[in-house]
>>> print(open('model-v3.cif').read())   # mmCIF, C-alpha atoms
data_upload
#
loop_
_atom_site.label_atom_id
_atom_site.label_comp_id
_atom_site.auth_asym_id
_atom_site.auth_seq_id
_atom_site.Cartn_x
_atom_site.Cartn_y
_atom_site.Cartn_z
CA MET E 1046 -12.42 67.11 -39.22
CA THR E 1047 -14.77 67.72 -42.14
CA GLU E 1048 -18.49 68.25 -41.91
CA SER E 1049 -19.18 64.64 -42.94
CA ARG E 1050 -17.03 63.19 -40.19
CA SER E 1051 -18.19 62.55 -36.67
CA THR E 1052 -17.25 63.69 -33.25
CA THR E 1053 -16.25 61.10 -30.66
CA GLN E 1054 -19.49 61.82 -28.82
CA GLU E 1055 -21.60 61.17 -31.92
CA ARG E 1056 -19.84 57.91 -32.63
CA ARG E 1057 -20.46 56.78 -29.06
CA GLY E 1058 -24.13 57.66 -29.46
CA TRP E 1059 -24.25 55.56 -32.63
CA TYR E 1060 -22.73 52.61 -30.77
CA PHE E 1061 -25.20 53.07 -27.93
CA TYR E 1062 -28.24 52.96 -30.22
CA ASP E 1063 -27.30 49.38 -31.05
CA TRP E 1064 -27.29 48.76 -27.27
CA ALA E 1065 -30.85 50.11 -27.12
CA ILE E 1066 -32.41 48.40 -30.13
CA SER E 1067 -30.73 44.99 -29.87
CA ALA E 1068 -32.88 44.16 -26.85
CA TYR E 1069 -35.87 43.87 -29.18
CA ASN E 1070 -34.14 41.41 -31.44
CA THR E 1071 -32.73 39.36 -28.56
CA THR E 1072 -35.58 39.24 -26.07
CA VAL E 1073 -38.61 39.51 -28.37
CA ILE E 1074 -37.73 37.88 -31.69
CA THR E 1075 -35.03 35.43 -30.66
CA VAL E 1076 -36.14 34.11 -27.28
CA PHE E 1077 -39.61 34.77 -25.98
CA LEU E 1078 -42.14 35.71 -28.65
CA GLY E 1079 -41.79 32.57 -30.80
CA PRO E 1080 -42.54 30.04 -28.06
CA TYR E 1081 -45.06 32.39 -26.38
CA LEU E 1082 -47.03 33.08 -29.56
CA THR E 1083 -46.88 29.40 -30.50
CA SER E 1084 -48.34 28.45 -27.11
CA LEU E 1085 -51.20 30.94 -27.58
CA ALA E 1086 -51.87 29.57 -31.07
CA GLU E 1087 -51.89 26.01 -29.73
CA ARG E 1088 -54.29 27.03 -26.97
CA ALA E 1089 -56.61 28.62 -29.55
CA ALA E 1090 -56.39 25.42 -31.63
CA GLY E 1091 -57.43 23.29 -28.67
CA CYS E 1092 -54.16 21.41 -28.20
CA SER E 1093 -54.07 19.35 -25.01
CA ASP E 1094 -51.23 19.29 -22.52
CA GLU E 1095 -50.55 15.68 -23.53
CA GLY E 1096 -49.57 16.84 -27.01
CA SER E 1097 -52.43 15.31 -28.99
CA THR E 1098 -52.93 16.37 -32.59
CA CYS E 1099 -54.06 20.00 -32.92
CA VAL E 1100 -56.57 21.29 -35.42
CA ASP E 1101 -55.44 23.92 -37.87
CA LEU E 1102 -56.14 27.57 -37.17
CA HIS E 1103 -57.93 29.59 -39.85
CA PRO E 1104 -56.90 33.26 -39.63
CA LEU E 1105 -58.55 35.06 -42.57
CA GLY E 1106 -59.82 31.67 -43.71
CA ILE E 1107 -56.29 30.31 -44.33
CA PRO E 1108 -55.45 26.93 -42.75
CA VAL E 1109 -52.34 27.31 -40.57
CA ALA E 1110 -50.74 24.71 -38.29
CA PRO E 1111 -50.27 26.26 -34.80
CA GLY E 1112 -46.59 25.33 -34.87
CA SER E 1113 -46.12 27.32 -38.09
CA PHE E 1114 -48.03 30.46 -37.06
CA PHE E 1115 -45.06 32.43 -35.72
CA ALA E 1116 -42.90 31.63 -38.76
CA TYR E 1117 -45.66 32.70 -41.16
CA VAL E 1118 -46.35 35.96 -39.32
CA LEU E 1119 -42.64 36.73 -39.27
CA SER E 1120 -42.59 36.25 -43.04
CA LEU E 1121 -45.62 38.53 -43.38
CA SER E 1122 -43.85 41.26 -41.42
CA VAL E 1123 -40.97 41.11 -43.87
CA ILE E 1124 -43.24 41.33 -46.89
CA ALA E 1125 -44.44 44.60 -45.33
CA GLN E 1126 -40.81 45.65 -44.83
CA VAL E 1127 -40.06 45.04 -48.51
CA LEU E 1128 -42.59 47.77 -49.26
CA VAL E 1129 -41.80 50.14 -46.39
CA LEU E 1130 -38.05 50.14 -45.72
CA PRO E 1131 -36.78 51.37 -49.09
CA LEU E 1132 -39.30 54.24 -48.89
CA VAL E 1133 -38.11 55.10 -45.38
CA GLY E 1134 -34.54 55.07 -46.61
CA ALA E 1135 -35.30 57.29 -49.61
CA TYR E 1136 -37.14 59.77 -47.40
CA ALA E 1137 -34.34 59.80 -44.80
CA ASP E 1138 -31.71 60.65 -47.42
CA ARG E 1139 -33.80 63.60 -48.61
CA SER E 1140 -34.59 64.87 -45.14
CA TRP E 1141 -32.78 67.57 -43.19
CA HIS E 1142 -34.08 65.95 -39.98
CA LYS E 1143 -32.92 62.32 -40.06
CA LYS E 1144 -32.30 62.43 -36.32
CA ARG E 1145 -35.93 63.39 -35.64
CA LEU E 1146 -37.13 60.66 -38.01
CA LEU E 1147 -35.12 58.07 -36.08
CA ALA E 1148 -36.63 59.34 -32.82
CA TRP E 1149 -40.22 59.04 -34.08
CA ILE E 1150 -39.74 55.56 -35.52
CA THR E 1151 -38.14 54.48 -32.24
CA ALA E 1152 -41.05 55.84 -30.19
CA LEU E 1153 -43.65 54.05 -32.30
CA GLY E 1154 -41.72 50.77 -32.42
CA ALA E 1155 -41.16 50.73 -28.67
CA THR E 1156 -44.84 51.50 -28.07
CA ALA E 1157 -45.96 48.61 -30.28
CA THR E 1158 -43.64 46.29 -28.34
CA ILE E 1159 -44.91 47.48 -24.96
CA ALA E 1160 -48.49 46.95 -26.18
CA MET E 1161 -47.80 43.20 -26.21
CA VAL E 1162 -48.72 43.32 -22.52
CA PHE E 1163 -52.29 42.83 -23.80
CA VAL E 1164 -51.45 39.59 -25.67
CA THR E 1165 -52.93 37.04 -23.27
CA GLY E 1166 -55.24 34.03 -23.33
CA ASP E 1167 -55.89 32.97 -26.91
CA ARG E 1168 -55.18 36.41 -28.46
CA TYR E 1169 -52.66 35.03 -30.91
CA LEU E 1170 -54.00 37.26 -33.70
CA LEU E 1171 -53.32 40.40 -31.63
CA GLY E 1172 -49.83 39.11 -30.96
CA GLY E 1173 -49.31 38.47 -34.66
CA ALA E 1174 -50.51 41.97 -35.58
CA LEU E 1175 -48.22 43.63 -33.03
CA LEU E 1176 -45.33 41.50 -34.27
CA VAL E 1177 -45.87 42.80 -37.81
CA VAL E 1178 -46.09 46.43 -36.69
CA SER E 1179 -43.16 46.34 -34.26
CA ASN E 1180 -40.89 44.40 -36.61
CA VAL E 1181 -41.54 46.78 -39.50
CA LEU E 1182 -40.68 49.73 -37.24
CA PHE E 1183 -37.63 47.87 -35.92
CA GLY E 1184 -36.41 47.46 -39.49
CA ALA E 1185 -37.16 51.11 -40.29
CA ALA E 1186 -35.19 52.28 -37.24
CA GLU E 1187 -32.19 50.20 -38.23
CA THR E 1188 -32.36 51.49 -41.81
CA VAL E 1189 -31.94 55.06 -40.59
CA TYR E 1190 -29.40 54.05 -37.94
CA TYR E 1191 -27.24 52.11 -40.41
CA SER E 1192 -27.15 55.07 -42.79
CA TYR E 1193 -25.03 57.00 -40.28
CA LEU E 1194 -22.12 54.52 -40.64
CA PRO E 1195 -20.58 56.05 -43.81
CA GLN E 1196 -21.05 59.52 -42.29
CA ILE E 1197 -19.22 58.84 -39.03
CA SER E 1198 -16.29 56.76 -40.32
CA ASP E 1199 -13.75 56.69 -43.14
CA PRO E 1200 -13.50 53.61 -45.41
CA ASP E 1201 -10.52 52.13 -43.58
CA GLU E 1202 -12.31 52.50 -40.22
CA ARG E 1203 -15.68 50.99 -41.08
CA ASP E 1204 -14.96 47.33 -40.36
CA ALA E 1205 -13.76 48.26 -36.86
CA VAL E 1206 -16.53 50.80 -36.22
CA SER E 1207 -19.26 48.45 -37.42
CA SER E 1208 -17.84 45.52 -35.44
CA ARG E 1209 -17.58 47.64 -32.31
CA GLY E 1210 -21.17 48.84 -32.64
CA TRP E 1211 -22.45 45.33 -33.22
CA ALA E 1212 -20.49 44.05 -30.23
CA ILE E 1213 -21.92 46.75 -27.96
CA GLY E 1214 -25.39 45.87 -29.25
CA TYR E 1215 -24.90 42.27 -28.17
CA LEU E 1216 -23.84 43.45 -24.73
CA GLY E 1217 -26.98 45.56 -24.38
CA GLY E 1218 -29.27 42.82 -25.62
CA GLY E 1219 -27.45 40.32 -23.44
CA LEU E 1220 -27.78 42.43 -20.32
CA LEU E 1221 -31.55 42.72 -20.60
CA LEU E 1222 -31.73 39.02 -21.37
CA LEU E 1223 -29.70 38.40 -18.21
CA PHE E 1224 -32.39 40.15 -16.16
CA ASN E 1225 -35.02 38.02 -17.90
CA VAL E 1226 -32.98 34.87 -17.25
CA ILE E 1227 -33.02 35.70 -13.55
CA ALA E 1228 -36.80 36.07 -13.76
CA VAL E 1229 -37.08 32.66 -15.45
CA LEU E 1230 -34.87 30.99 -12.83
CA VAL E 1231 -36.66 32.44 -9.80
CA GLY E 1232 -40.14 32.53 -11.33
CA ASP E 1233 -41.27 29.09 -10.23
CA GLY E 1234 -40.39 29.79 -6.61
CA LEU E 1235 -42.41 33.02 -6.69
CA GLY E 1236 -45.41 31.43 -8.35
CA TRP E 1237 -44.96 33.10 -11.74
CA SER E 1238 -46.01 31.13 -14.80
CA THR E 1239 -43.66 30.72 -17.75
CA GLY E 1240 -46.14 32.55 -19.96
CA GLU E 1241 -46.30 35.55 -17.64
CA ILE E 1242 -42.52 35.78 -17.48
CA ALA E 1243 -42.32 35.63 -21.29
CA ARG E 1244 -44.96 38.33 -21.74
CA TRP E 1245 -43.36 40.77 -19.32
CA SER E 1246 -39.93 40.05 -20.76
CA ILE E 1247 -41.26 41.06 -24.18
CA VAL E 1248 -42.66 44.27 -22.70
CA SER E 1249 -39.34 45.01 -20.99
CA ALA E 1250 -37.61 45.06 -24.39
CA GLY E 1251 -39.90 47.87 -25.54
CA VAL E 1252 -39.16 49.87 -22.40
CA TRP E 1253 -35.40 49.25 -22.79
CA TRP E 1254 -35.48 50.35 -26.43
CA ALA E 1255 -37.34 53.57 -25.63
CA VAL E 1256 -35.31 54.63 -22.58
CA PHE E 1257 -31.79 54.01 -23.86
CA ALA E 1258 -32.55 55.37 -27.32
CA ILE E 1259 -33.11 58.79 -25.75
CA PHE E 1260 -29.46 58.97 -24.71
CA ALA E 1261 -28.23 57.36 -27.94
CA ILE E 1262 -30.04 59.66 -30.38
CA ARG E 1263 -29.23 62.91 -28.58
CA PRO E 1264 -25.57 63.24 -29.78
CA LEU E 1265 -26.34 62.30 -33.41
CA ARG E 1266 -26.17 65.15 -35.92
CA ASP E 1267 -28.28 66.00 -38.96
CA ARG E 1268 -26.37 66.57 -42.18
CA PRO E 1269 -27.52 68.36 -45.34
CA PRO E 1270 -28.86 65.88 -47.91
CA VAL E 1271 -26.91 65.58 -51.15
CA GLU E 1272 -30.07 66.18 -53.20
CA THR E 1273 -31.83 69.26 -51.83
CA SER E 1274 -33.79 70.53 -54.82
CA ARG E 1275 -36.45 67.86 -54.93
CA SER E 1276 -39.48 67.42 -52.69
CA ARG E 1277 -38.80 65.83 -49.33
CA SER E 1278 -42.35 64.51 -48.84
CA VAL E 1279 -43.01 60.87 -48.06
CA PHE E 1280 -44.78 60.45 -51.39
CA ALA E 1281 -41.72 61.69 -53.26
CA GLY E 1282 -39.97 58.66 -51.81
CA PHE E 1283 -41.76 56.47 -54.36
CA GLY E 1284 -40.13 58.33 -57.22
CA GLN E 1285 -36.78 58.28 -55.50
CA LEU E 1286 -37.13 54.55 -54.87
CA ALA E 1287 -37.76 53.97 -58.58
CA ARG E 1288 -34.62 55.98 -59.42
CA THR E 1289 -32.62 54.04 -56.83
CA LEU E 1290 -33.72 50.71 -58.27
CA ARG E 1291 -32.76 51.86 -61.77
CA GLU E 1292 -29.38 53.01 -60.47
CA LEU E 1293 -28.90 49.73 -58.62
CA GLY E 1294 -29.51 47.95 -61.90
CA SER E 1295 -26.52 49.77 -63.35
CA LEU E 1296 -24.37 48.94 -60.31
CA LYS E 1297 -24.38 45.26 -61.14
CA LEU E 1298 -21.71 44.25 -58.63
CA THR E 1299 -23.42 46.10 -55.77
CA LEU E 1300 -26.61 44.31 -56.76
CA LEU E 1301 -24.80 40.96 -56.80
CA PHE E 1302 -23.43 41.57 -53.31
CA LEU E 1303 -26.90 42.54 -52.10
CA VAL E 1304 -28.36 39.34 -53.55
CA ALA E 1305 -25.69 37.30 -51.76
CA TYR E 1306 -26.39 39.10 -48.50
CA LEU E 1307 -30.15 38.68 -48.80
CA ILE E 1308 -29.63 34.94 -49.22
CA TYR E 1309 -27.10 34.11 -46.51
CA ASN E 1310 -28.40 36.60 -43.97
CA ASP E 1311 -31.90 35.22 -44.44
CA GLY E 1312 -30.45 31.95 -43.19
CA ILE E 1313 -28.70 33.64 -40.27
CA GLN E 1314 -31.86 35.46 -39.20
CA THR E 1315 -33.98 32.33 -39.46
CA VAL E 1316 -31.59 30.48 -37.16
CA ILE E 1317 -31.74 33.39 -34.70
CA THR E 1318 -35.50 33.80 -34.71
CA LEU E 1319 -36.53 30.14 -34.75
CA SER E 1320 -33.80 28.55 -32.62
CA ALA E 1321 -35.97 28.96 -29.52
CA THR E 1322 -38.88 27.23 -31.25
CA TYR E 1323 -36.57 24.41 -32.37
CA ALA E 1324 -35.18 24.00 -28.86
CA THR E 1325 -38.55 23.91 -27.10
CA GLU E 1326 -40.62 21.99 -29.65
CA GLU E 1327 -38.10 19.49 -31.09
CA LEU E 1328 -35.36 19.23 -28.44
CA GLU E 1329 -37.91 19.51 -25.60
CA LEU E 1330 -35.71 21.84 -23.59
CA GLU E 1331 -37.09 23.93 -20.75
CA GLN E 1332 -36.78 27.71 -20.58
CA THR E 1333 -34.30 27.22 -17.74
CA ALA E 1334 -31.91 25.62 -20.26
CA LEU E 1335 -32.84 27.62 -23.35
CA VAL E 1336 -32.67 31.19 -22.05
CA PRO E 1337 -29.24 30.94 -20.35
CA THR E 1338 -27.86 29.39 -23.55
CA ILE E 1339 -29.10 32.27 -25.68
CA LEU E 1340 -27.72 34.65 -23.06
CA MET E 1341 -24.34 32.97 -23.45
CA ILE E 1342 -24.60 33.44 -27.22
CA GLN E 1343 -25.04 37.18 -26.76
CA PHE E 1344 -21.81 37.58 -24.82
CA LEU E 1345 -19.88 35.21 -27.07
CA ALA E 1346 -21.18 37.19 -30.06
CA PHE E 1347 -19.62 40.30 -28.48
CA GLY E 1348 -16.24 38.59 -28.58
CA GLY E 1349 -16.96 36.99 -31.96
CA ALA E 1350 -17.71 40.35 -33.56
CA LEU E 1351 -14.43 41.79 -32.30
CA LEU E 1352 -12.56 38.61 -33.25
CA LEU E 1353 -13.79 38.55 -36.86
CA GLY E 1354 -13.23 42.31 -37.02
CA ALA E 1355 -9.60 41.71 -36.07
CA LEU E 1356 -9.40 38.88 -38.61
CA ALA E 1357 -10.71 41.25 -41.28
CA LYS E 1358 -7.70 43.50 -40.63
CA ARG E 1359 -5.48 40.61 -41.70
CA ILE E 1360 -7.36 38.95 -44.56
CA GLY E 1361 -10.03 41.52 -45.46
CA ALA E 1362 -13.76 41.65 -44.70
CA TRP E 1363 -14.80 39.78 -47.85
CA LYS E 1364 -12.70 36.69 -47.05
CA ALA E 1365 -13.67 36.81 -43.37
CA ILE E 1366 -17.38 36.73 -44.30
CA LEU E 1367 -16.83 33.78 -46.65
CA LEU E 1368 -15.10 31.90 -43.84
CA SER E 1369 -17.99 32.61 -41.50
CA LEU E 1370 -20.47 31.14 -44.01
CA VAL E 1371 -18.52 27.88 -44.08
CA LEU E 1372 -18.70 27.77 -40.28
CA TRP E 1373 -22.47 28.45 -40.37
CA THR E 1374 -22.96 25.46 -42.67
CA PHE E 1375 -21.20 23.12 -40.24
CA VAL E 1376 -23.21 24.53 -37.31
CA LEU E 1377 -26.55 23.75 -38.99
CA ALA E 1378 -25.44 20.27 -39.97
CA ALA E 1379 -24.51 19.63 -36.33
CA ALA E 1380 -27.86 21.03 -35.14
CA TYR E 1381 -29.71 18.24 -36.95
CA PHE E 1382 -28.02 15.62 -34.77
CA VAL E 1383 -28.47 17.29 -31.35
CA PRO E 1384 -30.42 14.78 -29.23
CA ALA E 1385 -33.66 15.70 -27.48
CA ARG E 1386 -33.67 16.55 -23.76
CA ALA E 1387 -29.86 16.97 -23.81
CA PRO E 1388 -28.88 20.52 -22.78
CA LEU E 1389 -25.09 20.16 -23.08
CA PRO E 1390 -24.92 19.54 -26.87
CA PHE E 1391 -27.32 22.45 -27.36
CA VAL E 1392 -25.06 24.68 -25.25
CA ALA E 1393 -22.03 23.65 -27.35
CA LEU E 1394 -23.98 24.45 -30.50
CA GLY E 1395 -24.90 27.83 -29.06
CA ALA E 1396 -21.26 28.58 -28.35
CA ALA E 1397 -20.38 27.93 -32.00
CA ILE E 1398 -23.21 30.18 -33.16
CA GLY E 1399 -22.06 32.96 -30.87
CA LEU E 1400 -18.54 32.97 -32.27
CA VAL E 1401 -19.64 33.46 -35.90
CA LEU E 1402 -22.87 35.42 -35.40
CA GLY E 1403 -21.82 38.99 -34.65
CA GLY E 1404 -18.81 39.10 -36.93
CA SER E 1405 -20.58 37.88 -40.06
CA GLN E 1406 -23.27 40.53 -39.66
CA ALA E 1407 -21.00 43.42 -38.65
CA LEU E 1408 -18.57 42.87 -41.51
CA SER E 1409 -21.42 42.56 -44.01
CA ARG E 1410 -22.77 45.92 -42.86
CA SER E 1411 -19.40 47.67 -43.18
CA LEU E 1412 -18.56 46.03 -46.52
CA PHE E 1413 -21.89 47.13 -47.99
CA SER E 1414 -21.16 50.71 -46.92
CA GLN E 1415 -18.30 50.68 -49.44
CA LEU E 1416 -20.74 49.85 -52.25
CA ILE E 1417 -23.16 52.76 -51.72
CA PRO E 1418 -22.99 55.96 -53.81
CA ALA E 1419 -22.36 59.02 -51.62
CA GLY E 1420 -25.47 60.69 -50.25
CA LYS E 1421 -27.73 57.68 -50.73
CA GLU E 1422 -26.84 55.73 -47.60
CA ALA E 1423 -30.31 55.39 -46.07
CA GLU E 1424 -32.15 54.38 -49.22
CA TYR E 1425 -29.56 51.71 -50.04
CA TYR E 1426 -29.61 50.49 -46.45
CA GLY E 1427 -33.40 50.34 -46.78
CA LEU E 1428 -32.87 47.69 -49.44
CA TYR E 1429 -30.15 46.05 -47.35
CA GLN E 1430 -32.30 46.00 -44.22
CA ILE E 1431 -34.96 43.88 -45.92
CA SER E 1432 -32.98 40.85 -44.77
CA ASP E 1433 -31.19 42.21 -41.71
CA LYS E 1434 -31.90 41.59 -37.99
CA GLY E 1435 -35.19 39.78 -37.56
CA THR E 1436 -36.41 40.62 -41.07
CA SER E 1437 -35.89 37.41 -43.07
CA TRP E 1438 -38.83 35.92 -44.90
CA MET E 1439 -37.60 33.14 -47.18
CA GLY E 1440 -36.04 31.22 -44.28
CA PRO E 1441 -39.09 31.28 -41.95
CA LEU E 1442 -41.30 30.39 -44.91
CA LEU E 1443 -39.11 27.42 -45.82
CA PHE E 1444 -38.86 26.44 -42.14
CA GLY E 1445 -42.64 26.58 -41.74
CA LEU E 1446 -43.37 24.69 -44.95
CA ALA E 1447 -40.82 22.00 -44.10
CA TYR E 1448 -42.47 21.47 -40.74
CA GLN E 1449 -45.98 21.45 -42.17
CA LEU E 1450 -44.98 18.86 -44.81
CA THR E 1451 -42.80 16.61 -42.64
CA ASP E 1452 -43.96 17.31 -39.08
CA SER E 1453 -40.24 17.48 -38.18
CA TYR E 1454 -38.36 20.53 -36.92
CA ARG E 1455 -35.10 18.67 -37.61
CA VAL E 1456 -35.85 18.66 -41.33
CA SER E 1457 -36.80 22.34 -41.03
CA ILE E 1458 -33.48 23.35 -39.43
CA LEU E 1459 -31.46 21.25 -41.90
CA SER E 1460 -33.21 22.83 -44.86
CA LEU E 1461 -31.65 26.21 -43.96
CA ILE E 1462 -28.18 25.03 -45.10
CA VAL E 1463 -29.17 25.96 -48.64
CA PHE E 1464 -29.04 29.67 -47.75
CA PHE E 1465 -25.42 29.49 -46.60
CA VAL E 1466 -24.22 27.38 -49.52
CA VAL E 1467 -25.89 29.53 -52.17
CA GLY E 1468 -24.94 32.75 -50.36
CA PHE E 1469 -21.30 31.64 -50.26
CA LEU E 1470 -21.25 30.88 -53.97
CA VAL E 1471 -22.82 34.20 -54.95
CA LEU E 1472 -20.61 36.25 -52.62
CA ALA E 1473 -17.48 34.44 -53.86
CA ALA E 1474 -18.40 35.53 -57.39
CA VAL E 1475 -18.28 39.27 -56.47
CA PRO E 1476 -15.00 41.02 -57.44
CA ILE E 1477 -15.23 43.23 -54.39
CA ARG E 1478 -12.55 45.83 -55.21
CA ARG E 1479 -14.06 46.43 -58.64
CA ALA E 1480 -17.51 46.67 -57.01
CA ILE E 1481 -16.33 49.48 -54.72
CA VAL E 1482 -14.83 51.41 -57.63
CA GLU E 1483 -18.02 50.89 -59.65
CA ALA E 1484 -19.96 52.63 -56.84
CA GLY E 1485 -17.65 55.65 -57.09
CA ASN E 1486 -15.78 54.99 -53.83
CA THR E 1487 -12.12 54.45 -52.93
CA PRO E 1488 -11.33 50.89 -51.83
CA PRO E 1489 -9.75 50.49 -48.38
CA LYS E 1490 -6.16 49.33 -48.23
CA LEU E 1491 -7.13 45.74 -47.42
CA LEU E 1492 -10.12 43.78 -48.70
#
>>> encode(input="model-v3.cif", output="structure tokens")
Amino acid sequence: MTESRSTTQERRGWYFYDWAISAYNTTVITVFLGPYLTSLAERAAGCSDEGSTCVDLHPLGIPVAPGSFFAYVLSLSVIAQVLVLPLVGAYADRSWHKKRLLAWITALGATATIAMVFVTGDRYLLGGALLVVSNVLFGAAETVYYSYLPQISDPDERDAVSSRGWAIGYLGGGLLLLFNVIAVLVGDGLGWSTGEIARWSIVSAGVWWAVFAIFAIRPLRDRPPVETSRSRSVFAGFGQLARTLRELGSLKLTLLFLVAYLIYNDGIQTVITLSATYATEELELEQTALVPTILMIQFLAFGGALLLGALAKRIGAWKAILLSLVLWTFVLAAAYFVPARAPLPFVALGAAIGLVLGGSQALSRSLFSQLIPAGKEAEYYGLYQISDKGTSWMGPLLFGLAYQLTDSYRVSILSLIVFFVVGFLVLAAVPIRRAIVEAGNTPPKLL
């Protein structure tokens, strides 16, 4: 085993970090924070329980419909990520202490999530601020975490390793969500309000992230950076980022793949983050129907990630991703026609999402690892992470604008099809084997 390869213990630690961090994406971004923050915004706007017309909020003097507040703040957090994540990646690649960097980012991100315990009453602005901070740190943690993938696996292993890590992440996120589902189901009998359950569920994700990350980070190893002669300061990251962007301009096929990923994954992330809002506001489903459905998606995504990973062994990751994008398009078209106050069609839709969700993301992560020049994993994943878990911005912006213009969440959800159609067309135009060679890597046996 060479210095760049991993031990079995390190690879297990890498898998387990996905277990730790996925709870944030599942419990906070996907399920509870959207409806909870929307309810706080509606309370601040003076909305009545009967659903009469609400006045616009005016944070920083900008008119914002309460129903669009969460989507806009999510977009704002990603604008911050566009500036921060590539710098984090560039610094991580130049650092001798990437493991310590991951630990510090994790500690700060988990703390910001736990601090949401103070988001009560009409403190929607505090909730929005903590969402921006925690989501930026979530993205930074995943940037560093992803950069270990090329270091712990050979090219022919990466589809399987990435799929396995993603599947384990869905199990971890699903398990915490299961505990929160139990709280939702028994909460009424114990006198707990839905808002209180949501708030403490959000806090629990921060605790989960912090505690399990301790065991996940411990077996990871630092490796010497490829470039050791230049400054490793944070400020030097700006210069390195500029060099990376110039290099990316010369790797035209890597850039084309990244553009495709930014488009279609923006659609995936928007579906994930705003599905709870769509279910509660448009379909008028209760938390007792919504949360168990999203829990089911987590466990189906575990199987879906492994299933598409196995499919990639037969047809290649590139073709498997293209197939998943076709399936995503049909899922969104079906979502438009789901009737209100009808849990069973929503559950069926959730099952379809679960089967394509994990695999499309895991295979994208492993395929991109083939397109990165050696020694620059973190900085390239910093660019990649701009539109990874919970970090989309175009989709939430389009979703929010569609709702504000039409007052219909159905139009908003249907508008997201454009991301999958355009993403499919761009990805299909990438000659993937030539792209891997262009990056200076050896293509795996099957693509």
>>> residues_around(input="model-v3.cif", residues="E:Leu1353", least_positions_apart="4", cutoff="9 Å", atoms="all atoms listed in the file", output="list in words")
Ser1208, Gly1348, Gly1349, Ala1357, Lys1358, Ala1362, Ala1365, Ile1366, Ser1369, Leu1400, Val1401, Gly1403, Gly1404, Ser1405, Ala1407 and Leu1408 of chain E
>>> closest_residue(input="model-v3.cif", among="E:Val1231, E:Leu1082, E:Ile1259, E:Ala1125", to="E:Ile1247", atoms="all atoms listed in the file")
E:Leu1082
>>> closest_atom_pairs(input="model-v3.cif", of="stretch 1164-1245 of chain E", to="stretch 1151-1157 of chain E", cutoff="10 Å", atoms="only C-alpha atoms", output="JSON lines")
{"residue": "E:Ala1174", "atom": "CA", "partner": "E:Ala1157", "partner_atom": "CA", "distance": 9.6}
{"residue": "E:Leu1175", "atom": "CA", "partner": "E:Ala1157", "partner_atom": "CA", "distance": 6.1}
{"residue": "E:Leu1176", "atom": "CA", "partner": "E:Ala1157", "partner_atom": "CA", "distance": 8.2}
{"residue": "E:Val1177", "atom": "CA", "partner": "E:Ala1157", "partner_atom": "CA", "distance": 9.5}
{"residue": "E:Val1178", "atom": "CA", "partner": "E:Ala1157", "partner_atom": "CA", "distance": 6.8}
{"residue": "E:Ser1179", "atom": "CA", "partner": "E:Gly1154", "partner_atom": "CA", "distance": 5.0}
{"residue": "E:Asn1180", "atom": "CA", "partner": "E:Gly1154", "partner_atom": "CA", "distance": 7.7}
{"residue": "E:Val1181", "atom": "CA", "partner": "E:Gly1154", "partner_atom": "CA", "distance": 8.1}
{"residue": "E:Leu1182", "atom": "CA", "partner": "E:Gly1154", "partner_atom": "CA", "distance": 5.0}
{"residue": "E:Phe1183", "atom": "CA", "partner": "E:Gly1154", "partner_atom": "CA", "distance": 6.1}
{"residue": "E:Gly1184", "atom": "CA", "partner": "E:Gly1154", "partner_atom": "CA", "distance": 9.4}
{"residue": "E:Ala1185", "atom": "CA", "partner": "E:Thr1151", "partner_atom": "CA", "distance": 8.8}
{"residue": "E:Ala1186", "atom": "CA", "partner": "E:Thr1151", "partner_atom": "CA", "distance": 6.2}
{"residue": "E:Glu1187", "atom": "CA", "partner": "E:Thr1151", "partner_atom": "CA", "distance": 9.5}
>>> resolve_selection(input="model-v3.cif", expression="the PyMOL selection byres ((chain E and resi 1377-1388) around 8)", output="list in words")
Glu1327, Leu1328, Glu1329, Leu1330, Ala1334, Trp1373, Thr1374, Phe1375, Val1376, Leu1389, Pro1390, Phe1391, Val1392, Leu1394, Arg1455, Val1456, Ile1458, Leu1459, Leu1461 and Ile1462 of chain E
>>> axis_aligned_box(input="model-v3.cif", around="stretch 1319-1336 of chain E", padding_each_side="4 Å", output="AutoDock Vina command-line options")
--center_x -36.3 --center_y 25.2 --center_z -26.2 --size_x 16.7 --size_y 20.0 --size_z 25.0
>>> residues_around(input="model-v3.cif", residues="E:Thr1289", least_positions_apart="4", cutoff="12 Å", atoms="all atoms listed in the file", output="PyMOL selection string")
chain E and resi 1131-1132+1134-1136+1138+1282-1285+1293-1296+1300+1417-1418+1420-1428
>>> residues_around(input="model-v3.cif", residues="E:Arg1209", least_positions_apart="6", cutoff="9 Å", atoms="only C-alpha atoms", output="short mmCIF file (atom, residue, chain, number, x, y, z; two decimals) with C-alpha atoms, in the coordinates of the input")
data_model
loop_
_atom_site.label_atom_id
_atom_site.label_comp_id
_atom_site.auth_asym_id
_atom_site.auth_seq_id
_atom_site.Cartn_x
_atom_site.Cartn_y
_atom_site.Cartn_z
CA TYR E 1060 -22.73 52.61 -30.77
CA PHE E 1347 -19.62 40.30 -28.48
CA ALA E 1350 -17.71 40.35 -33.56
CA LEU E 1351 -14.43 41.79 -32.30
CA GLY E 1354 -13.23 42.31 -37.02
CA ALA E 1407 -21.00 43.42 -38.65
#
>>> resolve_selection(input="model-v3.cif", expression="the PyMOL selection byres ((chain E and resi 1267) around 9)", output="JSON, numbers by chain")
{"E": [1140, 1141, 1142, 1143, 1144, 1145, 1265, 1266, 1268, 1269, 1270]}
>>> resolve_selection(input="model-v3.cif", expression="the PyMOL selection byres ((chain E and resi 1483) around 9)", output="VMD selection string")
chain E and resid 1296 to 1299 1416 1478 to 1482 1484 to 1486
